[in-house]
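Next comes run_3.cif, with mmCIF, C-alpha atoms.
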```
data_entry
loop_
_atom_site.label_atom_id
_atom_site.label_comp_id
_atom_site.auth_asym_id
_atom_site.auth_seq_id
_atom_site.Cartn_x
_atom_site.Cartn_y
_atom_site.Cartn_z
CA MET A 19 74.70 2.09 2.67
CA LYS A 20 74.25 -0.73 0.18
CA GLY A 21 71.16 -1.70 -1.78
CA ASN A 22 69.99 -4.25 -4.34
CA ILE A 23 69.21 -3.01 -7.85
CA PHE A 24 67.84 -5.17 -10.64
CA ASP A 25 68.02 -2.75 -13.56
CA VAL A 26 69.17 0.70 -14.63
CA LYS A 27 67.33 2.00 -17.69
CA ARG A 28 68.81 4.95 -19.51
CA PHE A 29 67.08 7.47 -21.79
CA ALA A 30 63.65 6.70 -20.34
CA ILE A 31 60.91 9.06 -21.52
CA HIS A 32 57.83 7.60 -19.79
CA ASP A 33 59.02 7.73 -16.17
CA GLY A 34 58.70 11.46 -15.58
CA GLN A 35 59.55 14.71 -17.30
CA GLY A 36 62.35 14.91 -19.83
CA ILE A 37 65.00 12.27 -20.49
CA ARG A 38 65.54 10.21 -17.37
CA THR A 39 67.60 7.42 -15.91
CA THR A 40 65.31 4.96 -14.16
CA ILE A 41 66.72 2.82 -11.36
CA PHE A 42 64.81 -0.29 -10.33
CA PHE A 43 65.02 -1.25 -6.64
CA LYS A 44 64.61 -4.89 -5.60
CA GLY A 45 61.90 -6.05 -3.22
CA CYS A 46 58.19 -5.38 -2.89
CA PRO A 47 55.63 -6.02 -0.11
CA LEU A 48 52.86 -6.43 -2.70
CA ARG A 49 52.27 -9.50 -4.83
CA CYS A 50 50.23 -8.16 -7.75
CA VAL A 51 49.27 -11.15 -9.89
CA TRP A 52 50.00 -9.12 -13.04
CA CYS A 53 53.33 -7.67 -11.83
CA GLN A 54 55.24 -6.12 -14.72
CA ASN A 55 58.62 -6.72 -13.07
CA PRO A 56 58.47 -10.14 -11.35
CA GLU A 57 62.26 -10.13 -11.08
CA GLY A 58 61.88 -7.22 -8.67
CA LEU A 59 59.56 -8.91 -6.17
CA GLU A 60 62.10 -10.64 -3.94
CA GLY A 61 64.47 -8.46 -1.94
CA ASP A 62 67.45 -10.81 -2.25
CA ALA A 63 69.23 -11.94 -5.38
CA GLN A 64 67.38 -14.61 -7.37
CA VAL A 65 68.62 -16.79 -10.20
CA LEU A 66 67.28 -16.33 -13.73
CA TYR A 67 67.40 -19.03 -16.38
CA MET A 68 67.43 -17.97 -20.05
CA GLU A 69 66.71 -21.23 -21.80
CA LYS A 70 67.40 -19.90 -25.31
CA THR A 71 70.92 -18.93 -24.25
CA CYS A 72 71.71 -22.30 -22.65
CA ILE A 73 74.23 -24.47 -24.53
CA HIS A 74 73.45 -27.53 -22.36
CA CYS A 75 77.08 -28.02 -21.37
CA GLY A 76 76.13 -29.51 -17.99
CA ILE A 77 78.66 -27.47 -16.01
CA CYS A 78 76.00 -26.05 -13.68
CA VAL A 79 74.69 -29.54 -12.92
CA LYS A 80 78.19 -30.75 -12.02
CA GLU A 81 78.87 -27.66 -9.90
CA SER A 82 75.54 -27.85 -8.06
CA LYS A 83 76.02 -28.91 -4.43
CA ALA A 84 72.39 -28.87 -3.26
CA HIS A 85 70.73 -30.13 -6.47
CA GLY A 86 69.45 -26.65 -7.25
CA VAL A 87 70.02 -27.49 -10.91
CA GLU A 88 69.16 -30.89 -12.35
CA LEU A 89 68.98 -32.35 -15.82
CA LYS A 90 65.77 -34.32 -16.38
CA HIS A 91 64.74 -35.82 -19.70
CA GLY A 92 67.21 -33.57 -21.49
CA ASN A 93 65.81 -30.41 -19.91
CA LEU A 94 67.47 -28.24 -17.29
CA GLN A 95 65.31 -27.74 -14.22
CA ILE A 96 65.89 -25.02 -11.63
CA PHE A 97 64.87 -25.49 -7.99
CA ARG A 98 65.13 -21.97 -6.58
CA ASP A 99 63.95 -22.98 -3.10
CA ARG A 100 67.03 -25.14 -2.49
CA LYS A 101 69.97 -23.70 -0.55
CA GLU A 102 72.30 -23.52 -3.49
CA ASP A 103 75.31 -21.28 -4.06
CA TRP A 104 73.58 -19.48 -6.93
CA ARG A 105 76.30 -16.87 -7.28
CA HIS A 106 78.86 -19.60 -7.89
CA LEU A 107 76.62 -21.40 -10.40
CA ALA A 108 75.90 -18.17 -12.28
CA GLY A 109 79.63 -17.44 -12.40
CA SER A 110 80.39 -20.90 -13.75
CA CYS A 111 77.87 -20.70 -16.62
CA PRO A 112 79.86 -20.03 -19.84
CA SER A 113 76.86 -18.82 -21.86
CA GLY A 114 75.28 -16.60 -19.23
CA ALA A 115 72.07 -18.63 -19.31
CA LEU A 116 72.18 -18.74 -15.51
CA CYS A 117 72.55 -15.29 -13.97
CA LEU A 118 71.55 -13.35 -10.90
CA ASP A 119 68.87 -10.67 -11.17
CA THR A 120 70.57 -8.31 -8.72
CA LYS A 121 73.57 -6.04 -8.53
CA GLU A 122 74.57 -4.59 -5.18
CA TYR A 123 75.50 -0.90 -5.10
CA THR A 124 76.64 1.50 -2.44
CA SER A 125 74.67 4.74 -2.47
CA ASP A 126 77.74 6.60 -3.78
CA ALA A 127 78.26 4.09 -6.60
CA LEU A 128 74.60 4.22 -7.61
CA VAL A 129 74.57 8.02 -7.71
CA GLU A 130 77.78 7.95 -9.75
CA GLU A 131 76.12 5.51 -12.17
CA ALA A 132 73.14 7.84 -12.57
CA LEU A 133 75.34 10.90 -13.05
CA LYS A 134 76.86 9.35 -16.19
CA ASP A 135 73.70 10.69 -17.89
CA LYS A 136 73.81 14.13 -16.28
CA MET A 137 74.33 15.91 -19.60
CA PHE A 138 70.84 14.73 -20.66
CA PHE A 139 69.17 16.04 -17.48
CA ARG A 140 69.75 19.72 -18.29
CA TYR A 141 66.64 19.77 -20.51
CA GLY A 142 64.20 18.89 -17.73
CA GLY A 143 65.16 15.29 -17.09
CA GLY A 144 66.53 13.55 -14.02
CA VAL A 145 66.48 10.30 -12.09
CA THR A 146 63.42 8.16 -11.40
CA ILE A 147 63.49 5.39 -8.82
CA SER A 148 61.09 2.54 -9.46
CA GLY A 149 60.85 -1.13 -8.54
CA GLY A 150 59.71 -3.43 -7.10
CA GLU A 151 58.70 -0.97 -4.42
CA PRO A 152 61.42 1.63 -3.72
CA PHE A 153 60.30 2.07 -0.11
CA TYR A 154 61.07 -1.62 0.51
CA GLN A 155 64.67 -0.41 0.89
CA SER A 156 63.63 2.85 2.53
CA ASP A 157 66.88 3.81 4.30
CA PHE A 158 68.94 3.20 1.17
CA LEU A 159 66.34 5.00 -0.95
CA ILE A 160 66.43 8.14 1.22
CA GLU A 161 70.21 8.20 1.23
CA VAL A 162 70.33 7.94 -2.58
CA PHE A 163 67.71 10.68 -2.99
CA GLN A 164 69.63 12.95 -0.59
CA LYS A 165 72.81 12.56 -2.59
CA LEU A 166 71.03 13.14 -5.90
CA LYS A 167 69.53 16.37 -4.58
CA GLU A 168 72.96 17.48 -3.36
CA LYS A 169 74.05 17.14 -6.99
CA GLY A 170 71.08 19.23 -8.16
CA ILE A 171 69.31 16.32 -9.89
CA HIS A 172 65.52 16.29 -10.35
CA THR A 173 64.10 13.24 -8.57
CA THR A 174 60.98 11.19 -9.15
CA ILE A 175 59.62 8.04 -7.53
CA GLU A 176 57.20 5.39 -8.80
CA THR A 177 55.56 3.85 -5.74
CA SER A 178 52.54 1.99 -4.40
CA LEU A 179 52.73 4.18 -1.25
CA PHE A 180 52.37 1.05 0.84
CA VAL A 181 54.67 2.61 3.40
CA LYS A 182 54.51 3.98 6.94
CA ARG A 183 53.72 7.69 7.05
CA GLU A 184 56.83 8.60 9.04
CA ILE A 185 59.05 7.05 6.36
CA LEU A 186 57.17 8.90 3.61
CA GLU A 187 57.54 12.19 5.50
CA LYS A 188 61.28 11.59 5.90
CA ALA A 189 61.73 10.97 2.17
CA LEU A 190 59.49 13.74 0.79
CA PRO A 191 61.98 16.64 1.06
CA TYR A 192 64.24 14.84 -1.43
CA ILE A 193 61.53 13.87 -3.96
CA ASP A 194 60.41 16.33 -6.63
CA HIS A 195 57.57 14.27 -8.11
CA LEU A 196 55.63 11.17 -7.11
CA TYR A 197 53.87 8.70 -9.38
CA VAL A 198 51.51 6.74 -7.14
CA ASP A 199 49.53 3.64 -8.10
CA ILE A 200 45.96 3.18 -6.98
CA LYS A 201 45.38 -0.19 -8.55
CA LEU A 202 42.02 -1.19 -7.06
CA PHE A 203 39.67 0.82 -4.88
CA ASP A 204 37.72 -2.07 -3.37
CA ALA A 205 39.66 -3.32 -0.32
CA GLU A 206 38.76 -6.99 -0.74
CA LYS A 207 39.67 -7.03 -4.44
CA HIS A 208 42.87 -5.16 -3.70
CA LYS A 209 43.89 -7.82 -1.18
CA GLN A 210 42.80 -10.60 -3.54
CA TYR A 211 44.92 -9.37 -6.44
CA THR A 212 47.85 -7.69 -4.66
CA GLY A 213 48.09 -9.59 -1.38
CA VAL A 214 47.71 -6.51 0.84
CA ASP A 215 44.95 -4.24 2.09
CA ASN A 216 44.80 -0.80 0.50
CA HIS A 217 43.89 1.39 3.49
CA ILE A 218 47.52 2.51 4.05
CA ILE A 219 47.80 3.42 0.37
CA LEU A 220 44.54 5.40 0.29
CA ASP A 221 45.36 7.18 3.56
CA ASN A 222 48.75 8.22 2.22
CA VAL A 223 47.26 9.41 -1.07
CA ALA A 224 44.59 11.46 0.71
CA TRP A 225 47.23 12.98 3.00
CA LEU A 226 49.40 13.97 0.03
CA LEU A 227 46.47 15.45 -1.89
CA HIS A 228 45.62 17.64 1.08
CA SER A 229 49.23 18.77 1.55
CA ASP A 230 51.29 21.50 -0.10
CA ARG A 231 52.81 18.76 -2.31
CA LYS A 232 49.53 17.88 -4.04
CA LYS A 233 50.64 19.35 -7.37
CA ASP A 234 53.71 17.12 -7.31
CA VAL A 235 51.62 13.92 -7.34
CA THR A 236 50.34 11.93 -10.32
CA ILE A 237 47.96 9.05 -9.59
CA ARG A 238 48.09 6.06 -11.92
CA THR A 239 45.92 3.01 -12.46
CA PRO A 240 47.29 0.09 -14.49
CA LEU A 241 44.51 -1.31 -16.66
CA ILE A 242 44.47 -5.06 -16.09
CA PRO A 243 41.73 -6.92 -18.00
CA GLY A 244 39.02 -8.31 -15.72
CA MET A 245 40.67 -6.86 -12.62
CA SER A 246 41.33 -3.13 -12.51
CA ALA A 247 40.04 -2.27 -15.98
CA THR A 248 36.37 -1.98 -15.02
CA GLU A 249 33.99 0.96 -14.96
CA GLU A 250 33.25 0.35 -11.28
CA ASN A 251 36.93 0.52 -10.32
CA ILE A 252 37.90 3.50 -12.48
CA THR A 253 34.86 5.50 -11.39
CA ALA A 254 35.48 4.76 -7.70
CA ILE A 255 39.15 5.74 -7.92
CA SER A 256 38.29 8.92 -9.85
CA ARG A 257 35.73 9.98 -7.26
CA PHE A 258 38.16 9.28 -4.43
CA ILE A 259 40.88 11.37 -6.09
CA THR A 260 38.68 14.37 -6.87
CA SER A 261 37.09 14.29 -3.41
CA ASN A 262 40.57 14.99 -2.02
CA TYR A 263 41.87 17.36 -4.71
CA LYS A 264 39.70 18.29 -7.67
CA ASP A 265 42.64 19.17 -9.95
CA ALA A 266 44.72 16.06 -9.21
CA ALA A 267 46.61 14.53 -12.14
CA TYR A 268 45.40 11.06 -13.12
CA GLU A 269 46.81 8.63 -15.68
CA LEU A 270 45.43 5.34 -16.96
CA LEU A 271 48.16 2.93 -18.01
CA ASN A 272 47.41 0.61 -20.90
CA TYR A 273 47.88 -3.11 -20.26
CA ASN A 274 51.39 -4.30 -21.10
CA PRO A 275 51.38 -7.79 -22.66
CA LEU A 276 55.19 -7.95 -22.75
CA ALA A 277 55.50 -8.71 -19.04
CA LYS A 278 54.49 -12.35 -19.48
CA ALA A 279 57.82 -13.24 -21.08
CA LYS A 280 59.66 -12.42 -17.84
CA TYR A 281 57.82 -15.08 -15.87
CA ALA A 282 59.55 -17.95 -17.64
CA LEU A 283 62.91 -16.48 -16.57
CA THR A 284 61.93 -16.26 -12.91
CA GLY A 285 59.99 -19.51 -12.57
CA LYS A 286 56.89 -17.64 -11.43
CA GLN A 287 53.32 -18.13 -12.66
CA TYR A 288 51.63 -15.38 -14.67
CA CYS A 289 47.99 -14.54 -14.04
CA PHE A 290 46.83 -15.05 -17.64
CA LYS A 291 47.11 -18.30 -19.58
CA GLU A 292 46.00 -16.50 -22.73
CA ASN A 293 47.80 -13.18 -22.71
CA PRO A 294 45.46 -10.25 -23.52
CA GLU A 295 46.46 -7.60 -26.03
CA LEU A 296 46.99 -3.90 -25.60
CA TYR A 297 43.77 -1.95 -25.39
CA THR A 298 42.94 -0.17 -28.63
CA SER A 299 42.71 3.62 -28.90
CA LYS A 300 38.92 3.32 -28.95
CA GLN A 301 38.93 1.21 -25.77
CA MET A 302 41.27 3.67 -24.06
CA GLU A 303 38.88 6.49 -24.96
CA GLU A 304 36.12 4.57 -23.18
CA PHE A 305 38.28 4.31 -20.07
CA TYR A 306 39.04 8.04 -20.27
CA THR A 307 35.32 8.76 -20.39
CA MET A 308 34.81 6.67 -17.23
CA ALA A 309 37.45 8.73 -15.41
CA LYS A 310 35.94 12.01 -16.60
CA ASN A 311 32.49 10.86 -15.51
CA GLY A 312 34.04 10.23 -12.09
CA GLY A 313 35.03 13.88 -11.92
CA ILE A 314 38.60 13.83 -13.24
CA THR A 315 39.51 17.07 -15.03
CA ASN A 316 43.30 16.70 -15.15
CA LEU A 317 43.56 13.48 -17.14
CA ILE A 318 46.98 12.63 -18.55
CA ILE A 319 46.75 11.07 -22.01
CA VAL A 320 49.97 9.70 -23.46
#
```
Let me see whether you can do it: turn the structure in this file into structure tokens.
Amino acid sequence: MKGNIFDVKRFAIHDGQGIRTTIFFKGCPLRCVWCQNPEGLEGDAQVLYMEKTCIHCGICVKESKAHGVELKHGNLQIFRDRKEDWRHLAGSCPSGALCLDTKEYTSDALVEEALKDKMFFRYGGGVTISGGEPFYQSDFLIEVFQKLKEKGIHTTIETSLFVKREILEKALPYIDHLYVDIKLFDAEKHKQYTGVDNHIILDNVAWLLHSDRKKDVTIRTPLIPGMSATEENITAISRFITSNYKDAAYELLNYNPLAKAKYALTGKQYCFKENPELYTSKQMEEFYTMAKNGGITNLIIV
């Protein structure tokens, strides 16, 4: 099988136990307004434009057949919705300012790429598959996980769990640990900020926390100012988690202000005009207290 990958991050230490290689799968059914990896949203290859790298040679404009790239008032403008041969334009750019956000791999090639770091996995590390949403390419995902397990590699997934149960059940035997996002507990707010209802996600989480794999699951909530980072939301999620498994692992992820810079590359609109800062240690302690008040006893503090 073949799949679309937008990044391979080596020596990762925050994506599971030990030193890991994290592979980022393209495509996601959610549209979180704060998405940390906007280049991973679309399943197909998309063009990125790195303005600071551009030497304004005009080659891409001359090579453009469908006016996907135009020069207006001295500025290069990208029209990603036009049926342009983006691969050709990216290949013709001498500075690399135009490039595609995707590399296609076969499952064998991707496993081989991950195994370059095998010597670092002997101390408790392994491979983490993230995204996007890894289950967006579910058949490819399962095949890659199968081959990693055949090589004796510890496997982890970072997922929204917005996936059909039968696909989850098919993948589980090849996954050692799951990091699962519960972003917002309120269904209407979840749909407002992510574009999808959360009942599939909550049903899958509850099913996992009642299964014999419950100790292999860590629930995460990204703290987004004014959206998920509220006492109401954190308390509701905490109560939901502990009502299903009182010793479940729960982690609150500090807001990441660095994501905004990626939006200029992709031509997408970020949710904040004024980018908030990281929460302070004192603020994080307040969030931890909210989770504990909601019944969480196994709180992961990084």
*What do you get, as a VMD selection string, if you spell out every residue that the PyMOL selection byres ((chain A and resi 236-239) around 9) selects here?*
chain A and resid 195 to 202 223 232 to 235 240 to 242 246 to 247 252 255 259 266 to 272 318
_Nearest candidate to A:Thr315 (options A:Asp265, A:Glu69, A:Asp221, A:Asp62; using only C-alpha atoms)_ =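 Closest to A:Thr315 of all the choices is A:Asp265.
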Check which residues satisfy the PyMOL selection byres ((chain A and resi 28) around 8) in the file shown, then give them as an mmCIF file with C-alpha atoms, keeping the file's coordinate frame.
```cif
data_model
loop_
_atom_site.group_PDB
_atom_site.id
_atom_site.type_symbol
_atom_site.label_atom_id
_atom_site.label_comp_id
_atom_site.auth_asym_id
_atom_site.auth_seq_id
_atom_site.Cartn_x
_atom_site.Cartn_y
_atom_site.Cartn_z
ATOM 1 C CA VAL A 26 69.170 0.700 -14.630
ATOM 2 C CA LYS A 27 67.330 2.000 -17.690
ATOM 3 C CA PHE A 29 67.080 7.470 -21.790
ATOM 4 C CA ALA A 30 63.650 6.700 -20.340
ATOM 5 C CA ARG A 38 65.540 10.210 -17.370
ATOM 6 C CA THR A 39 67.600 7.420 -15.910
ATOM 7 C CA THR A 40 65.310 4.960 -14.160
ATOM 8 C CA ASP A 135 73.700 10.690 -17.890
#
```
*Pick from A:Glu57, A:Asp119, A:Glu131, A:Glu249 nearest to A:Gln301, counting all atoms listed in the file*: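 Of A:Glu57, A:Asp119, A:Glu131, A:Glu249, the one nearest A:Gln301 is A:Glu249, counting all atoms listed in the file.
For the choices A:Gln210, A:Ile319, A:Lys165, A:Leu66, the atom-to-atom distance to A:Leu133 is smallest for A:Lys165 when using only C-alpha atoms.
Across the model, the gap from atom CA of A:Pro56 to atom CA of A:Lys44 is 9.9 Å.
Applied to the file shown here, the PyMOL selection byres ((chain A and resi 97-113) around 9) selects Ala63, Gln64, Val65, Leu66, Thr71, Cys72, Ile73, Cys75, Ile77, Cys78, Val79, Glu81, Ser82, Lys83, Ala84, His85, Gly86, Val87, Glu88, Gln95, Ile96, Gly114, Ala115, Leu116, Cys117, Leu118 and Gly285 of chain A.
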How about saving the chosen residues, C-alpha atoms kept, as a short mmCIF file (atom, residue, chain, number, x, y, z; two decimals), keeping the file's coordinate frame?
```cif
data_model
loop_
_atom_site.label_atom_id
_atom_site.label_comp_id
_atom_site.auth_asym_id
_atom_site.auth_seq_id
_atom_site.Cartn_x
_atom_site.Cartn_y
_atom_site.Cartn_z
CA ALA A 63 69.23 -11.94 -5.38
CA GLN A 64 67.38 -14.61 -7.37
CA VAL A 65 68.62 -16.79 -10.20
CA LEU A 66 67.28 -16.33 -13.73
CA THR A 71 70.92 -18.93 -24.25
CA CYS A 72 71.71 -22.30 -22.65
CA ILE A 73 74.23 -24.47 -24.53
CA CYS A 75 77.08 -28.02 -21.37
CA ILE A 77 78.66 -27.47 -16.01
CA CYS A 78 76.00 -26.05 -13.68
CA VAL A 79 74.69 -29.54 -12.92
CA GLU A 81 78.87 -27.66 -9.90
CA SER A 82 75.54 -27.85 -8.06
CA LYS A 83 76.02 -28.91 -4.43
CA ALA A 84 72.39 -28.87 -3.26
CA HIS A 85 70.73 -30.13 -6.47
CA GLY A 86 69.45 -26.65 -7.25
CA VAL A 87 70.02 -27.49 -10.91
CA GLU A 88 69.16 -30.89 -12.35
CA GLN A 95 65.31 -27.74 -14.22
CA ILE A 96 65.89 -25.02 -11.63
CA GLY A 114 75.28 -16.60 -19.23
CA ALA A 115 72.07 -18.63 -19.31
CA LEU A 116 72.18 -18.74 -15.51
CA CYS A 117 72.55 -15.29 -13.97
CA LEU A 118 71.55 -13.35 -10.90
CA GLY A 285 59.99 -19.51 -12.57
#
```
For A:Gly244, work out the shell of residues within 12 Å, counting only C-alpha atoms and skipping chain neighbours fewer than 6 positions away, then give it as a tab-separated table (two decimals) with C-alpha atoms, keeping the file's coordinate frame.
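Below is the file that was written, around08.tsv:
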```tsv
chain	number	residue	atom	x	y	z
A	52	TRP	CA	50.00	-9.12	-13.04
A	202	LEU	CA	42.02	-1.19	-7.06
A	207	LYS	CA	39.67	-7.03	-4.44
A	211	TYR	CA	44.92	-9.37	-6.44
A	250	GLU	CA	33.25	0.35	-11.28
A	251	ASN	CA	36.93	0.52	-10.32
A	273	TYR	CA	47.88	-3.11	-20.26
A	289	CYS	CA	47.99	-14.54	-14.04
A	290	PHE	CA	46.83	-15.05	-17.64
A	294	PRO	CA	45.46	-10.25	-23.52
```
*Have a look at A:Asn22, A:Thr253, A:Asn293, A:Ser148 and name the one nearest to A:Gly312; count all atoms listed in the file.*
A:Thr253
*Please measure the separation of atom CA of A:Gly36 and atom CA of A:Gln54, giving the value in Å to one decimal.*
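Straight-line distance from atom CA of A:Gly36 to atom CA of A:Gln54 works out to 22.8 Å.
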